[in-house]
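Student: I have a structure here, written as structure tokens, and I will follow up with some questions on it.
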Amino acid sequence: MPIQSICCLGAGYVGGPTMAMIAAKCPGIQVTVADLNEQRIAAWNSETLPVYEPGLDAVVASAIGRNLHFTTDIRAAIAAADLIFVSVGTPTKSYGIGAGRAADLRYIEAAARLIAEVSEGNKIIVEKSTIPVKTATAIKSILAANSPNGATFQVLSNPEFLAEGTAIQDLESPDRILIGGEATQEGQAAVEALVSVYENWIPRERILTTNLWSSELSKLVANAFLAQRISSINSISALCEATGADVDEVARAIGMDSRIGSKFLKASVGFGGSCFQKDILNLVYLCDTFNLPHVAEYWRQVVHLNDWQKSRFVEKIVRTLYNTVNGKRIAILGFAFKKDTNDTRESAAIQVCRDLLHERAHLAIYDPRVDATTIQQDLAAAGVDPALIITNVEICSEPYAAVTGAHALATLTEWDEFRSLDLPHIHSLMLKPAFVFDGRAVLCMEDLVAQGFEAFVIGKGA
Ligand code: UDX
Ligand code: UDX
């Protein structure tokens, strides 16, 4: 039977844009995104979407009300669907066994129990959330044990590889779609049903089908490899600074080797985002669980190096500013974890700002997309005393206000608009010597020096 009705549990950064694209590309399929969070659903149904993503507004507008719906009526959405994507959060567990490393699967389990309770007939359940390998077994057992109406289920794994900021491009033309299913006849029929949804706009040769465990594991491994490249180039950025080499030149030189490739070699103050650290820690936990301590240790280092990169950036600022930033105004440009998103989860800016505040700096923070409340909440959640946030953090609505009267300026997100800042004007607004710490290499070292700044750019030797 072709799929006629899809529901997605979780209207977040993954569920919302992915379902919007499916609805836009498959006008014959009804797509309903359900979430517990009323505010979030209201925002999806409004002019101001809860997720900022270039091109997303147009995709949503093309399908909403026609075959794309956002609702808090989760039960009705499940009951009506042939195929259910599970895209609820899987944060790192903060308590008990595996705290700080294992994925917290309580939302996945709750979703499975609700699906079992509400469903009738045959349904396909698709793991969209990133989950530990073997989670499908748990979902299957919960579904089988809790179906009062005798419903039957096939469980598939279909991880999402979109990156924030380029979600629409990634959804429209993905490198690959990965679908894992069971080798049984019913399992393969379910795989084919999902393949036929994607085939509405993605060439068949880019849709890869595997067994369940390969699919679940591939998502963790893809993120671990991507993060590992960043930690690798960031480790070299420190060596470049020490030796007079330029990390961008090194990245270009090695990236032209087709075996290495040129992408994901941009040195930075550290990777952030909701996935990389969480997924690596999850991989590490899995390795430990399967008694593979050497493998666990290998991947753990990717996260250690990332933490070190953030703390050495702060140390560079404090040491350069004559070993004290107490009472000094520091302009922070960029708070999102990367450009073109309003997402701040695990942003390097959080740790950098926290540590500067612990040194008693005054921060003047500007980000074109992140609102003041989010910044204040993130800092409080990172352990900054709320009183210190009130006295020492100012949120600015434009970059020139932030740098006015500042001892130093630090760029922490690679927003395009930072590349065309009026450097002479900034220099005139700052205290002298005017220090710049560019954690994203968005500013040109030669220009900075020519304008009279004392400049540090990540990965650039003096
Ligand atoms: C999340 C996971 O973090 C990621 O691992 C997975 O790959 C996809 O889902 P994201 O969409 O970025 O990624 O998370 P988030 O924006 O937090 O969205 C999850 C949504 O699920 C939230 O809107 C939350 O309200 C909702 N949710 C959570 C439910 O509807 N029901 C629940 O029981 C729990
Ligand atoms: C990542 C994966 O790319 C995506 O496939 C997966 O589905 C979710 O996790 P995302 O976290 O949205 O996507 O963004 P990504 O572009 O991968 O960037 C992650 C972090 O790495 C950002 O903080 C970014 O600034 C940083 N980064 C990326 C670098 O520091 N250097 C690079 O060369 C690339």
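Residues in the structure tokens are named by chain (A, B, ... in the order shown) and by number from 1 within that chain; ligands are numbered from 1 in the order shown.
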Would you name the residues within 7 Å of ligand 1, counting only C-alpha atoms and all ligand atoms, and put them as a PyMOL selection string?

Tutor: chain A and resi 9-15+34-37+40+87-91+107-108+110-111+128-131+159-160+274-275

Student: Taking 3 positions as the minimum chain separation for residues in the same chain, which residues sit within 7 Å of range 414-416 of chain A when counting only C-alpha atoms? Answer as a VMD selection string.

Tutor: chain A and resid 338 to 339 419 440 442

Student: Give as a ChimeraX atom specification the residues surrounding ligand 2 up to a distance of 9 Å, considering only C-alpha atoms and all ligand atoms.

Tutor: /A:14,130,159-167,170,219,222-223,226-227,229-231,233-234,263-276,279,336-339,341,346-348,413-414,440

Student: From a DSSP calculation on the backbone, collect every residue of range 161-327 of chain A in helix (DSSP H, G or I) and output the set as a PyMOL selection string.

Tutor: chain A and resi 167-172+185-198+204-206+212-243+247-255+276-289+293-320

Student: I'd like the neighbourhood of Glu446 in chain A as a VMD selection string, where a residue qualifies if any of its atoms comes within 12 Å (using only C-alpha atoms), though same-chain residues fewer than 3 positions away should be ignored.

Tutor: chain A and resid 423 441 443 449 to 457 460 462

Student: List as number ranges by chain the protein and nucleic acid residues near range 424-435 of chain A, meaning an atom at most 10 Å away when only C-alpha atoms are counted, but skip any in the same chain fewer than 4 places from it.

Tutor: A: 317, 320-321, 329-331, 399-410, 447-448, 450-456

Student: Give me the residues near range 136-153 of chain A as a list in words, where near means some atom within 7 Å (using only C-alpha atoms) and where sequence neighbours in that chain fewer than 6 positions away do not count.

Tutor: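 Using only C-alpha atoms, the neighbours found are Glu109, Ala112, Arg113, Ala116, Glu117, Ser119, Glu120, Gly121, Asn122, Lys123, Ile124 and Ile125 of chain A.
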
Student: Nearest to Asp378 in chain A: which of A:Gln351, A:Thr391, A:Gln188, A:Asn282 is it, counting only C-alpha atoms?

Tutor: A:Gln351
